[in-house]
$ cat work.cif   # mmCIF, N, CA and C atoms and all ligand atoms
data_model
#
loop_
_atom_site.group_PDB
_atom_site.id
_atom_site.type_symbol
_atom_site.label_atom_id
_atom_site.label_comp_id
_atom_site.auth_asym_id
_atom_site.auth_seq_id
_atom_site.Cartn_x
_atom_site.Cartn_y
_atom_site.Cartn_z
ATOM 1 N N MET A 580 -2.539 -4.749 -12.540
ATOM 2 C CA MET A 580 -1.228 -5.368 -12.610
ATOM 3 C C MET A 580 -0.146 -4.280 -12.591
ATOM 4 N N GLN A 581 1.020 -4.635 -12.090
ATOM 5 C CA GLN A 581 2.084 -3.641 -11.968
ATOM 6 C C GLN A 581 2.747 -3.337 -13.314
ATOM 7 N N CYS A 582 2.954 -2.048 -13.538
ATOM 8 C CA CYS A 582 3.568 -1.588 -14.783
ATOM 9 C C CYS A 582 5.044 -1.990 -14.827
ATOM 10 N N THR A 583 5.498 -2.323 -16.006
ATOM 11 C CA THR A 583 6.922 -2.649 -16.181
ATOM 12 C C THR A 583 7.577 -1.730 -17.206
ATOM 13 N N THR A 584 6.831 -0.684 -17.638
ATOM 14 C CA THR A 584 7.421 0.229 -18.626
ATOM 15 C C THR A 584 7.694 1.595 -17.986
ATOM 16 N N ILE A 585 6.880 2.591 -18.280
ATOM 17 C CA ILE A 585 7.105 3.959 -17.800
ATOM 18 C C ILE A 585 6.930 4.081 -16.285
ATOM 19 N N ARG A 586 5.781 3.607 -15.780
ATOM 20 C CA ARG A 586 5.457 3.749 -14.348
ATOM 21 C C ARG A 586 5.834 2.488 -13.599
ATOM 22 N N SER A 587 6.988 2.068 -13.782
ATOM 23 C CA SER A 587 7.462 0.804 -13.220
ATOM 24 C C SER A 587 7.112 0.660 -11.734
ATOM 25 N N GLY A 588 6.420 -0.434 -11.437
ATOM 26 C CA GLY A 588 6.074 -0.732 -10.047
ATOM 27 C C GLY A 588 4.708 -0.246 -9.633
ATOM 28 N N GLN A 589 4.072 0.650 -10.424
ATOM 29 C CA GLN A 589 2.746 1.174 -10.070
ATOM 30 C C GLN A 589 1.666 0.298 -10.701
ATOM 31 N N ASN A 590 0.532 0.204 -10.004
ATOM 32 C CA ASN A 590 -0.581 -0.560 -10.545
ATOM 33 C C ASN A 590 -1.193 0.176 -11.720
ATOM 34 N N CYS A 591 -1.501 -0.549 -12.773
ATOM 35 C CA CYS A 591 -2.074 0.052 -13.973
ATOM 36 C C CYS A 591 -3.080 -0.908 -14.588
ATOM 37 N N PRO A 592 -4.271 -0.398 -14.959
ATOM 38 C CA PRO A 592 -5.288 -1.266 -15.560
ATOM 39 C C PRO A 592 -4.925 -1.730 -16.972
ATOM 40 N N PHE A 593 -3.971 -1.077 -17.619
ATOM 41 C CA PHE A 593 -3.588 -1.453 -18.985
ATOM 42 C C PHE A 593 -2.529 -2.538 -19.031
ATOM 43 N N MET A 594 -1.933 -2.832 -17.888
ATOM 44 C CA MET A 594 -0.844 -3.809 -17.872
ATOM 45 C C MET A 594 -1.418 -5.229 -17.868
ATOM 46 N N THR A 595 -0.897 -6.058 -18.744
ATOM 47 C CA THR A 595 -1.305 -7.460 -18.804
ATOM 48 C C THR A 595 -0.060 -8.340 -18.701
ATOM 49 N N LYS A 596 -0.276 -9.623 -18.636
ATOM 50 C CA LYS A 596 0.866 -10.542 -18.564
ATOM 51 C C LYS A 596 1.711 -10.465 -19.837
ATOM 52 N N ALA A 597 1.054 -10.080 -20.950
ATOM 53 C CA ALA A 597 1.763 -9.973 -22.227
ATOM 54 C C ALA A 597 2.416 -8.604 -22.419
ATOM 55 N N GLY A 598 2.306 -7.727 -21.413
ATOM 56 C CA GLY A 598 2.885 -6.389 -21.516
ATOM 57 C C GLY A 598 1.809 -5.317 -21.511
ATOM 58 N N CYS A 599 2.200 -4.104 -21.809
ATOM 59 C CA CYS A 599 1.259 -2.980 -21.797
ATOM 60 C C CYS A 599 0.278 -3.110 -22.954
ATOM 61 N N SER A 600 -1.012 -3.066 -22.624
ATOM 62 C CA SER A 600 -2.040 -3.213 -23.652
ATOM 63 C C SER A 600 -2.505 -1.867 -24.180
ATOM 64 N N PHE A 601 -1.958 -0.784 -23.643
ATOM 65 C CA PHE A 601 -2.350 0.553 -24.108
ATOM 66 C C PHE A 601 -1.840 0.770 -25.526
ATOM 67 N N ASN A 602 -2.569 1.520 -26.308
ATOM 68 C CA ASN A 602 -2.204 1.827 -27.679
ATOM 69 C C ASN A 602 -0.809 2.457 -27.722
ATOM 70 N N GLY A 603 0.139 1.787 -28.305
ATOM 71 C CA GLY A 603 1.505 2.287 -28.359
ATOM 72 C C GLY A 603 2.399 1.643 -27.319
ATOM 73 N N GLY A 604 1.805 1.096 -26.273
ATOM 74 C CA GLY A 604 2.573 0.371 -25.259
ATOM 75 C C GLY A 604 3.267 1.222 -24.222
ATOM 76 N N VAL A 605 3.132 2.545 -24.299
ATOM 77 C CA VAL A 605 3.715 3.430 -23.284
ATOM 78 C C VAL A 605 2.787 4.619 -23.037
ATOM 79 N N CYS A 606 2.949 5.234 -21.867
ATOM 80 C CA CYS A 606 2.166 6.433 -21.546
ATOM 81 C C CYS A 606 2.689 7.613 -22.353
ATOM 82 N N MET A 607 1.774 8.517 -22.712
ATOM 83 C CA MET A 607 2.139 9.736 -23.443
ATOM 84 C C MET A 607 2.405 10.868 -22.449
ATOM 85 N N PRO A 608 3.358 11.752 -22.757
ATOM 86 C CA PRO A 608 3.589 12.902 -21.869
ATOM 87 C C PRO A 608 2.402 13.868 -21.909
ATOM 88 N N ILE A 609 2.372 14.771 -20.951
ATOM 89 C CA ILE A 609 1.249 15.725 -20.878
ATOM 90 C C ILE A 609 1.299 16.725 -22.031
ATOM 91 N N LEU A 610 0.200 17.432 -22.205
ATOM 92 C CA LEU A 610 0.110 18.475 -23.232
ATOM 93 C C LEU A 610 0.360 19.840 -22.593
ATOM 94 N N GLU A 611 0.458 20.846 -23.419
ATOM 95 C CA GLU A 611 0.621 22.216 -22.922
ATOM 96 C C GLU A 611 -0.596 22.626 -22.074
ATOM 97 N N ALA A 612 -1.753 22.147 -22.485
ATOM 98 C CA ALA A 612 -2.984 22.486 -21.765
ATOM 99 C C ALA A 612 -3.015 21.899 -20.363
ATOM 100 N N CYS A 613 -2.248 20.870 -20.118
ATOM 101 C CA CYS A 613 -2.225 20.211 -18.811
ATOM 102 C C CYS A 613 -1.412 20.980 -17.775
ATOM 103 N N GLU A 614 -0.550 21.871 -18.223
ATOM 104 C CA GLU A 614 0.355 22.534 -17.292
ATOM 105 C C GLU A 614 -0.401 23.261 -16.196
ATOM 106 N N GLY A 615 -0.035 22.969 -14.969
ATOM 107 C CA GLY A 615 -0.703 23.550 -13.816
ATOM 108 C C GLY A 615 -1.649 22.572 -13.141
ATOM 109 N N CYS A 616 -1.886 21.457 -13.766
ATOM 110 C CA CYS A 616 -2.806 20.460 -13.221
ATOM 111 C C CYS A 616 -2.146 19.728 -12.043
ATOM 112 N N GLY A 617 -2.926 19.427 -11.052
ATOM 113 C CA GLY A 617 -2.425 18.735 -9.862
ATOM 114 C C GLY A 617 -2.263 17.240 -10.058
ATOM 115 N N ARG A 618 -2.661 16.734 -11.194
ATOM 116 C CA ARG A 618 -2.562 15.290 -11.446
ATOM 117 C C ARG A 618 -1.313 14.913 -12.246
ATOM 118 N N ILE A 619 -0.432 15.869 -12.428
ATOM 119 C CA ILE A 619 0.802 15.601 -13.169
ATOM 120 C C ILE A 619 1.795 14.873 -12.265
ATOM 121 N N ILE A 620 2.416 13.842 -12.801
ATOM 122 C CA ILE A 620 3.491 13.152 -12.091
ATOM 123 C C ILE A 620 4.741 13.224 -12.955
ATOM 124 N N VAL A 621 5.881 13.311 -12.322
ATOM 125 C CA VAL A 621 7.141 13.409 -13.064
ATOM 126 C C VAL A 621 7.917 12.111 -12.888
ATOM 127 N N ILE A 622 8.216 11.485 -14.008
ATOM 128 C CA ILE A 622 9.006 10.250 -14.000
ATOM 129 C C ILE A 622 10.176 10.449 -14.959
ATOM 130 N N ASP A 623 11.380 10.336 -14.447
ATOM 131 C CA ASP A 623 12.600 10.532 -15.246
ATOM 132 C C ASP A 623 12.567 11.862 -15.999
ATOM 133 N N ASP A 624 12.202 12.920 -15.304
ATOM 134 C CA ASP A 624 12.159 14.287 -15.842
ATOM 135 C C ASP A 624 11.128 14.492 -16.945
ATOM 136 N N VAL A 625 10.230 13.548 -17.127
ATOM 137 C CA VAL A 625 9.157 13.698 -18.107
ATOM 138 C C VAL A 625 7.846 13.741 -17.328
ATOM 139 N N GLN A 626 6.962 14.683 -17.715
ATOM 140 C CA GLN A 626 5.692 14.838 -17.021
ATOM 141 C C GLN A 626 4.620 13.971 -17.666
ATOM 142 N N TYR A 627 3.946 13.182 -16.812
ATOM 143 C CA TYR A 627 2.856 12.325 -17.263
ATOM 144 C C TYR A 627 1.605 12.639 -16.451
ATOM 145 N N CYS A 628 0.484 12.183 -16.953
ATOM 146 C CA CYS A 628 -0.778 12.334 -16.234
ATOM 147 C C CYS A 628 -0.969 11.106 -15.352
ATOM 148 N N SER A 629 -1.361 11.326 -14.108
ATOM 149 C CA SER A 629 -1.566 10.190 -13.205
ATOM 150 C C SER A 629 -2.910 9.519 -13.450
ATOM 151 N N VAL A 630 -3.774 10.157 -14.225
ATOM 152 C CA VAL A 630 -5.119 9.640 -14.470
ATOM 153 C C VAL A 630 -5.224 8.898 -15.803
ATOM 154 N N SER A 631 -4.568 9.446 -16.814
ATOM 155 C CA SER A 631 -4.729 8.901 -18.157
ATOM 156 C C SER A 631 -3.387 8.651 -18.838
ATOM 157 N N PRO A 632 -3.239 7.534 -19.550
ATOM 158 C CA PRO A 632 -1.999 7.305 -20.284
ATOM 159 C C PRO A 632 -1.903 8.176 -21.534
ATOM 160 N N ASN A 633 -3.036 8.740 -21.974
ATOM 161 C CA ASN A 633 -3.047 9.574 -23.171
ATOM 162 C C ASN A 633 -3.796 10.882 -22.897
ATOM 163 N N PRO A 634 -3.101 11.906 -22.371
ATOM 164 C CA PRO A 634 -3.761 13.183 -22.071
ATOM 165 C C PRO A 634 -4.454 13.808 -23.285
ATOM 166 N N MET A 635 -3.944 13.563 -24.478
ATOM 167 C CA MET A 635 -4.541 14.146 -25.680
ATOM 168 C C MET A 635 -6.007 13.703 -25.831
ATOM 169 N N ALA A 636 -6.282 12.470 -25.474
ATOM 170 C CA ALA A 636 -7.649 11.960 -25.582
ATOM 171 C C ALA A 636 -8.583 12.684 -24.616
ATOM 172 N N ARG A 637 -8.049 13.132 -23.482
ATOM 173 C CA ARG A 637 -8.883 13.824 -22.493
ATOM 174 C C ARG A 637 -9.229 15.245 -22.936
ATOM 175 N N TRP A 638 -8.397 15.815 -23.811
ATOM 176 C CA TRP A 638 -8.642 17.182 -24.265
ATOM 177 C C TRP A 638 -9.290 17.206 -25.647
ATOM 178 N N LYS A 639 -9.588 16.048 -26.187
ATOM 179 C CA LYS A 639 -10.123 15.955 -27.542
ATOM 180 C C LYS A 639 -11.460 16.680 -27.689
ATOM 181 N N VAL A 640 -12.332 16.477 -26.724
ATOM 182 C CA VAL A 640 -13.664 17.085 -26.779
ATOM 183 C C VAL A 640 -13.787 18.090 -25.638
ATOM 184 N N GLY A 641 -13.245 19.268 -25.830
ATOM 185 C CA GLY A 641 -13.308 20.303 -24.795
ATOM 186 C C GLY A 641 -12.261 20.103 -23.715
ATOM 187 N N ASN A 642 -12.529 20.699 -22.559
ATOM 188 C CA ASN A 642 -11.585 20.626 -21.451
ATOM 189 C C ASN A 642 -11.558 19.238 -20.837
ATOM 190 N N CYS A 643 -10.405 18.883 -20.291
ATOM 191 C CA CYS A 643 -10.272 17.619 -19.570
ATOM 192 C C CYS A 643 -11.148 17.689 -18.324
ATOM 193 N N ASN A 644 -11.978 16.684 -18.132
ATOM 194 C CA ASN A 644 -12.894 16.720 -16.988
ATOM 195 C C ASN A 644 -12.222 16.349 -15.671
ATOM 196 N N MET A 645 -10.975 15.925 -15.724
ATOM 197 C CA MET A 645 -10.254 15.595 -14.494
ATOM 198 C C MET A 645 -9.248 16.685 -14.125
ATOM 199 N N ALA A 646 -9.156 17.722 -14.918
ATOM 200 C CA ALA A 646 -8.182 18.786 -14.677
ATOM 201 C C ALA A 646 -8.496 19.508 -13.375
ATOM 202 N N THR A 647 -7.451 19.795 -12.598
ATOM 203 C CA THR A 647 -7.646 20.506 -11.329
ATOM 204 C C THR A 647 -7.423 22.006 -11.498
ATOM 205 N N HIS A 648 -6.875 22.415 -12.637
ATOM 206 C CA HIS A 648 -6.543 23.820 -12.830
ATOM 207 C C HIS A 648 -7.518 24.544 -13.750
ATOM 208 N N VAL A 649 -8.539 23.878 -14.235
ATOM 209 C CA VAL A 649 -9.509 24.497 -15.133
ATOM 210 C C VAL A 649 -10.764 24.835 -14.337
ATOM 211 N N LYS A 650 -11.121 26.113 -14.376
ATOM 212 C CA LYS A 650 -12.323 26.559 -13.672
ATOM 213 C C LYS A 650 -13.480 26.612 -14.667
ATOM 214 N N VAL A 651 -14.556 25.961 -14.313
ATOM 215 C CA VAL A 651 -15.739 25.982 -15.165
ATOM 216 C C VAL A 651 -16.686 27.028 -14.612
ATOM 217 N N GLU A 652 -17.009 27.992 -15.472
ATOM 218 C CA GLU A 652 -17.914 29.051 -15.030
ATOM 219 C C GLU A 652 -19.352 28.669 -15.341
ATOM 220 N N THR A 653 -20.181 28.801 -14.352
ATOM 221 C CA THR A 653 -21.601 28.524 -14.556
ATOM 222 C C THR A 653 -22.351 29.841 -14.437
ATOM 223 N N LYS A 654 -23.312 30.027 -15.311
ATOM 224 C CA LYS A 654 -24.081 31.261 -15.289
ATOM 225 C C LYS A 654 -25.231 31.113 -14.296
ATOM 226 N N VAL A 655 -25.311 32.078 -13.408
ATOM 227 C CA VAL A 655 -26.404 32.098 -12.445
ATOM 228 C C VAL A 655 -27.411 33.113 -12.948
ATOM 229 N N SER A 656 -28.632 32.712 -12.981
ATOM 230 C CA SER A 656 -29.673 33.587 -13.486
ATOM 231 C C SER A 656 -29.767 34.846 -12.632
ATOM 232 N N ALA A 657 -29.841 36.007 -13.303
ATOM 233 C CA ALA A 657 -29.902 37.277 -12.591
ATOM 234 C C ALA A 657 -31.234 37.439 -11.869
ATOM 235 N N ALA A 658 -32.290 36.944 -12.476
ATOM 236 C CA ALA A 658 -33.608 37.054 -11.868
ATOM 237 C C ALA A 658 -33.857 35.817 -11.012
ATOM 238 N N LYS A 659 -33.550 35.940 -9.737
ATOM 239 C CA LYS A 659 -33.746 34.805 -8.842
ATOM 240 C C LYS A 659 -35.217 34.719 -8.450
ATOM 241 N N LEU A 660 -35.643 33.523 -8.310
ATOM 242 C CA LEU A 660 -37.028 33.262 -7.967
ATOM 243 C C LEU A 660 -37.187 33.239 -6.453
ATOM 244 N N ASN A 661 -38.102 34.033 -5.950
ATOM 245 C CA ASN A 661 -38.390 34.033 -4.519
ATOM 246 C C ASN A 661 -39.368 32.892 -4.255
ATOM 247 N N PRO A 662 -38.979 31.881 -3.496
ATOM 248 C CA PRO A 662 -39.839 30.712 -3.289
ATOM 249 C C PRO A 662 -41.142 31.039 -2.573
ATOM 250 N N ILE A 663 -41.147 32.025 -1.705
ATOM 251 C CA ILE A 663 -42.384 32.381 -0.979
ATOM 252 C C ILE A 663 -43.379 33.018 -1.936
ATOM 253 N N LYS A 664 -42.871 33.963 -2.760
ATOM 254 C CA LYS A 664 -43.755 34.617 -3.728
ATOM 255 C C LYS A 664 -44.268 33.609 -4.763
ATOM 256 N N ALA A 665 -43.416 32.718 -5.174
ATOM 257 C CA ALA A 665 -43.819 31.705 -6.144
ATOM 258 C C ALA A 665 -44.905 30.812 -5.567
ATOM 259 N N SER A 666 -44.771 30.492 -4.310
ATOM 260 C CA SER A 666 -45.769 29.659 -3.637
ATOM 261 C C SER A 666 -47.117 30.378 -3.571
ATOM 262 N N LYS A 667 -47.087 31.674 -3.247
ATOM 263 C CA LYS A 667 -48.326 32.459 -3.165
ATOM 264 C C LYS A 667 -48.966 32.579 -4.532
ATOM 265 N N ARG A 668 -48.118 32.759 -5.550
ATOM 266 C CA ARG A 668 -48.616 32.869 -6.918
ATOM 267 C C ARG A 668 -49.359 31.595 -7.312
ATOM 268 N N MET A 669 -48.748 30.472 -6.985
ATOM 269 C CA MET A 669 -49.363 29.174 -7.308
ATOM 270 C C MET A 669 -50.663 28.995 -6.544
ATOM 271 N N ALA A 670 -50.706 29.442 -5.286
ATOM 272 C CA ALA A 670 -51.907 29.307 -4.461
ATOM 273 C C ALA A 670 -53.040 30.176 -5.020
ATOM 274 N N GLY A 671 -52.684 31.326 -5.591
ATOM 275 C CA GLY A 671 -53.679 32.243 -6.149
ATOM 276 C C GLY A 671 -54.289 31.736 -7.436
ATOM 277 N N LYS A 672 -53.650 30.835 -8.120
ATOM 278 C CA LYS A 672 -54.160 30.297 -9.394
ATOM 279 C C LYS A 672 -55.217 29.245 -9.189
ATOM 280 N N LYS A 673 -55.371 28.745 -7.972
ATOM 281 C CA LYS A 673 -56.356 27.662 -7.729
ATOM 282 C C LYS A 673 -57.763 28.167 -7.759
HETATM 283 S S1 LIG B 1 -5.992 15.210 -15.467
HETATM 284 FE FE1 LIG B 1 -6.306 16.118 -17.493
HETATM 285 S S2 LIG B 1 -5.351 18.157 -17.354
HETATM 286 FE FE2 LIG B 1 -4.574 16.944 -15.629
HETATM 287 S S3 LIG B 1 -2.654 16.064 -16.383
HETATM 288 FE FE3 LIG B 1 -4.275 14.544 -16.775
HETATM 289 S S4 LIG B 1 -4.989 14.968 -18.875
HETATM 290 FE FE4 LIG B 1 -3.804 16.751 -18.192
#
$ encode --input "work.cif" --output "structure tokens"
Amino acid sequence: MQCTTIRSGQNCPFMTKAGCSFNGGVCMPILEACEGCGRIIVIDDVQYCSVSPNPMARWKVGNCNMATHVKVETKVSAAKLNPIKASKRMAGKK
């Protein structure tokens, strides 16, 4: 349903015939941690998240999983397994 509060005219899953059903009835502005994210939208000079009405909830348990500016580092094992040698090793055990 179309929003009639902050994001006036945009479709929002929280909007009902009785008004905004989101906790508090309005979207919350972004947090400091959100700065640099590509999902930020500016409405009336206030920055909001285009994904979530409450950015604080997205950062509650670690990094926001929708953030475009957060790089997640994955550790790559230094000892890479050679698939050919592994195959020969397995064949030798029979
Ligand atoms: S997607 Fe996450 S990091 Fe980006 S603006 Fe929304 S809450 Fe903030």
$ axis_aligned_box --input "work.cif" --around "ligand LIG 1 (chain B)" --padding-each-side "5 Å" --output "JSON"
{"center_x": -4.5, "center_y": 16.4, "center_z": -17.2, "size_x": 13.7, "size_y": 13.6, "size_z": 13.4}
$ residues_near_ligand --input "work.cif" --ligand "ligand LIG 1 (chain B)" --cutoff "7 Å" --atoms "only N, CA and C atoms and all ligand atoms" --output "PDB file with N, CA and C atoms, in the coordinates of the input"
ATOM      1  N   ILE A 609       2.372  14.771 -20.951  1.00  0.00           N
ATOM      2  CA  ILE A 609       1.249  15.725 -20.878  1.00  0.00           C
ATOM      3  C   ILE A 609       1.299  16.725 -22.031  1.00  0.00           C
ATOM      4  N   LEU A 610       0.200  17.432 -22.205  1.00  0.00           N
ATOM      5  CA  LEU A 610       0.110  18.475 -23.232  1.00  0.00           C
ATOM      6  C   LEU A 610       0.360  19.840 -22.593  1.00  0.00           C
ATOM      7  N   ALA A 612      -1.753  22.147 -22.485  1.00  0.00           N
ATOM      8  CA  ALA A 612      -2.984  22.486 -21.765  1.00  0.00           C
ATOM      9  C   ALA A 612      -3.015  21.899 -20.363  1.00  0.00           C
ATOM     10  N   CYS A 613      -2.248  20.870 -20.118  1.00  0.00           N
ATOM     11  CA  CYS A 613      -2.225  20.211 -18.811  1.00  0.00           C
ATOM     12  C   CYS A 613      -1.412  20.980 -17.775  1.00  0.00           C
ATOM     13  N   GLU A 614      -0.550  21.871 -18.223  1.00  0.00           N
ATOM     14  CA  GLU A 614       0.355  22.534 -17.292  1.00  0.00           C
ATOM     15  C   GLU A 614      -0.401  23.261 -16.196  1.00  0.00           C
ATOM     16  N   GLY A 615      -0.035  22.969 -14.969  1.00  0.00           N
ATOM     17  CA  GLY A 615      -0.703  23.550 -13.816  1.00  0.00           C
ATOM     18  C   GLY A 615      -1.649  22.572 -13.141  1.00  0.00           C
ATOM     19  N   CYS A 616      -1.886  21.457 -13.766  1.00  0.00           N
ATOM     20  CA  CYS A 616      -2.806  20.460 -13.221  1.00  0.00           C
ATOM     21  C   CYS A 616      -2.146  19.728 -12.043  1.00  0.00           C
ATOM     22  N   GLY A 617      -2.926  19.427 -11.052  1.00  0.00           N
ATOM     23  CA  GLY A 617      -2.425  18.735  -9.862  1.00  0.00           C
ATOM     24  C   GLY A 617      -2.263  17.240 -10.058  1.00  0.00           C
ATOM     25  N   ARG A 618      -2.661  16.734 -11.194  1.00  0.00           N
ATOM     26  CA  ARG A 618      -2.562  15.290 -11.446  1.00  0.00           C
ATOM     27  C   ARG A 618      -1.313  14.913 -12.246  1.00  0.00           C
ATOM     28  N   ILE A 619      -0.432  15.869 -12.428  1.00  0.00           N
ATOM     29  CA  ILE A 619       0.802  15.601 -13.169  1.00  0.00           C
ATOM     30  C   ILE A 619       1.795  14.873 -12.265  1.00  0.00           C
ATOM     31  N   ILE A 620       2.416  13.842 -12.801  1.00  0.00           N
ATOM     32  CA  ILE A 620       3.491  13.152 -12.091  1.00  0.00           C
ATOM     33  C   ILE A 620       4.741  13.224 -12.955  1.00  0.00           C
ATOM     34  N   TYR A 627       3.946  13.182 -16.812  1.00  0.00           N
ATOM     35  CA  TYR A 627       2.856  12.325 -17.263  1.00  0.00           C
ATOM     36  C   TYR A 627       1.605  12.639 -16.451  1.00  0.00           C
ATOM     37  N   CYS A 628       0.484  12.183 -16.953  1.00  0.00           N
ATOM     38  CA  CYS A 628      -0.778  12.334 -16.234  1.00  0.00           C
ATOM     39  C   CYS A 628      -0.969  11.106 -15.352  1.00  0.00           C
ATOM     40  N   SER A 629      -1.361  11.326 -14.108  1.00  0.00           N
ATOM     41  CA  SER A 629      -1.566  10.190 -13.205  1.00  0.00           C
ATOM     42  C   SER A 629      -2.910   9.519 -13.450  1.00  0.00           C
ATOM     43  N   VAL A 630      -3.774  10.157 -14.225  1.00  0.00           N
ATOM     44  CA  VAL A 630      -5.119   9.640 -14.470  1.00  0.00           C
ATOM     45  C   VAL A 630      -5.224   8.898 -15.803  1.00  0.00           C
ATOM     46  N   SER A 631      -4.568   9.446 -16.814  1.00  0.00           N
ATOM     47  CA  SER A 631      -4.729   8.901 -18.157  1.00  0.00           C
ATOM     48  C   SER A 631      -3.387   8.651 -18.838  1.00  0.00           C
ATOM     49  N   ASN A 633      -3.036   8.740 -21.974  1.00  0.00           N
ATOM     50  CA  ASN A 633      -3.047   9.574 -23.171  1.00  0.00           C
ATOM     51  C   ASN A 633      -3.796  10.882 -22.897  1.00  0.00           C
ATOM     52  N   PRO A 634      -3.101  11.906 -22.371  1.00  0.00           N
ATOM     53  CA  PRO A 634      -3.761  13.183 -22.071  1.00  0.00           C
ATOM     54  C   PRO A 634      -4.454  13.808 -23.285  1.00  0.00           C
ATOM     55  N   MET A 635      -3.944  13.563 -24.478  1.00  0.00           N
ATOM     56  CA  MET A 635      -4.541  14.146 -25.680  1.00  0.00           C
ATOM     57  C   MET A 635      -6.007  13.703 -25.831  1.00  0.00           C
ATOM     58  N   ARG A 637      -8.049  13.132 -23.482  1.00  0.00           N
ATOM     59  CA  ARG A 637      -8.883  13.824 -22.493  1.00  0.00           C
ATOM     60  C   ARG A 637      -9.229  15.245 -22.936  1.00  0.00           C
ATOM     61  N   TRP A 638      -8.397  15.815 -23.811  1.00  0.00           N
ATOM     62  CA  TRP A 638      -8.642  17.182 -24.265  1.00  0.00           C
ATOM     63  C   TRP A 638      -9.290  17.206 -25.647  1.00  0.00           C
ATOM     64  N   ASN A 642     -12.529  20.699 -22.559  1.00  0.00           N
ATOM     65  CA  ASN A 642     -11.585  20.626 -21.451  1.00  0.00           C
ATOM     66  C   ASN A 642     -11.558  19.238 -20.837  1.00  0.00           C
ATOM     67  N   CYS A 643     -10.405  18.883 -20.291  1.00  0.00           N
ATOM     68  CA  CYS A 643     -10.272  17.619 -19.570  1.00  0.00           C
ATOM     69  C   CYS A 643     -11.148  17.689 -18.324  1.00  0.00           C
ATOM     70  N   ASN A 644     -11.978  16.684 -18.132  1.00  0.00           N
ATOM     71  CA  ASN A 644     -12.894  16.720 -16.988  1.00  0.00           C
ATOM     72  C   ASN A 644     -12.222  16.349 -15.671  1.00  0.00           C
ATOM     73  N   MET A 645     -10.975  15.925 -15.724  1.00  0.00           N
ATOM     74  CA  MET A 645     -10.254  15.595 -14.494  1.00  0.00           C
ATOM     75  C   MET A 645      -9.248  16.685 -14.125  1.00  0.00           C
ATOM     76  N   ALA A 646      -9.156  17.722 -14.918  1.00  0.00           N
ATOM     77  CA  ALA A 646      -8.182  18.786 -14.677  1.00  0.00           C
ATOM     78  C   ALA A 646      -8.496  19.508 -13.375  1.00  0.00           C
ATOM     79  N   THR A 647      -7.451  19.795 -12.598  1.00  0.00           N
ATOM     80  CA  THR A 647      -7.646  20.506 -11.329  1.00  0.00           C
ATOM     81  C   THR A 647      -7.423  22.006 -11.498  1.00  0.00           C
ATOM     82  N   HIS A 648      -6.875  22.415 -12.637  1.00  0.00           N
ATOM     83  CA  HIS A 648      -6.543  23.820 -12.830  1.00  0.00           C
ATOM     84  C   HIS A 648      -7.518  24.544 -13.750  1.00  0.00           C
TER      85      HIS A 648
END
$ resolve_selection --input "work.cif" --expression "the PyMOL selection byres (((chain A and resi 582) around 8) and not hetatm)" --output "number ranges by chain"
A: 580-581, 583-595, 598-599
$ atom_distance --input "work.cif" --atom1 "atom CA of Pro608 of chain A" --atom2 "atom CA of Glu652 of chain A"
27.7 Å
$ residues_around --input "work.cif" --residues "Pro632 of chain A" --least-positions-apart "5" --cutoff "7 Å" --atoms "only N, CA and C atoms" --output "list in words"
Val605, Cys606, Met607 and Pro608 of chain A
$ select_by_dssp --input "work.cif" --residues "chain A" --states "strand (DSSP E or B)" --output "NGL selection string"
:A and (581 or 590 or 594-595 or 598-599 or 608 or 619-622 or 625-628)
$ select_by_dssp --input "work.cif" --residues "chain A" --states "alpha helix (DSSP H)" --output "ChimeraX atom specification"
/A:634-637,662-671
$ write_last_selection --input "work.cif" --atoms "N, CA and C atoms" --output "short mmCIF file (atom, residue, chain, number, x, y, z; two decimals), keeping the file's coordinate frame"
data_model
loop_
_atom_site.label_atom_id
_atom_site.label_comp_id
_atom_site.auth_asym_id
_atom_site.auth_seq_id
_atom_site.Cartn_x
_atom_site.Cartn_y
_atom_site.Cartn_z
N PRO A 634 -3.10 11.91 -22.37
CA PRO A 634 -3.76 13.18 -22.07
C PRO A 634 -4.45 13.81 -23.28
N MET A 635 -3.94 13.56 -24.48
CA MET A 635 -4.54 14.15 -25.68
C MET A 635 -6.01 13.70 -25.83
N ALA A 636 -6.28 12.47 -25.47
CA ALA A 636 -7.65 11.96 -25.58
C ALA A 636 -8.58 12.68 -24.62
N ARG A 637 -8.05 13.13 -23.48
CA ARG A 637 -8.88 13.82 -22.49
C ARG A 637 -9.23 15.24 -22.94
N PRO A 662 -38.98 31.88 -3.50
CA PRO A 662 -39.84 30.71 -3.29
C PRO A 662 -41.14 31.04 -2.57
N ILE A 663 -41.15 32.02 -1.70
CA ILE A 663 -42.38 32.38 -0.98
C ILE A 663 -43.38 33.02 -1.94
N LYS A 664 -42.87 33.96 -2.76
CA LYS A 664 -43.76 34.62 -3.73
C LYS A 664 -44.27 33.61 -4.76
N ALA A 665 -43.42 32.72 -5.17
CA ALA A 665 -43.82 31.70 -6.14
C ALA A 665 -44.90 30.81 -5.57
N SER A 666 -44.77 30.49 -4.31
CA SER A 666 -45.77 29.66 -3.64
C SER A 666 -47.12 30.38 -3.57
N LYS A 667 -47.09 31.67 -3.25
CA LYS A 667 -48.33 32.46 -3.16
C LYS A 667 -48.97 32.58 -4.53
N ARG A 668 -48.12 32.76 -5.55
CA ARG A 668 -48.62 32.87 -6.92
C ARG A 668 -49.36 31.60 -7.31
N MET A 669 -48.75 30.47 -6.98
CA MET A 669 -49.36 29.17 -7.31
C MET A 669 -50.66 29.00 -6.54
N ALA A 670 -50.71 29.44 -5.29
CA ALA A 670 -51.91 29.31 -4.46
C ALA A 670 -53.04 30.18 -5.02
N GLY A 671 -52.68 31.33 -5.59
CA GLY A 671 -53.68 32.24 -6.15
C GLY A 671 -54.29 31.74 -7.44
#
$ atom_distance --input "work.cif" --atom1 "atom CA of Gly641 of chain A" --atom2 "atom N of Asn602 of chain A"
21.7 Å
$ atom_distance --input "work.cif" --atom1 "atom CA of Glu611 of chain A" --atom2 "atom CA of Lys650 of chain A"
16.5 Å
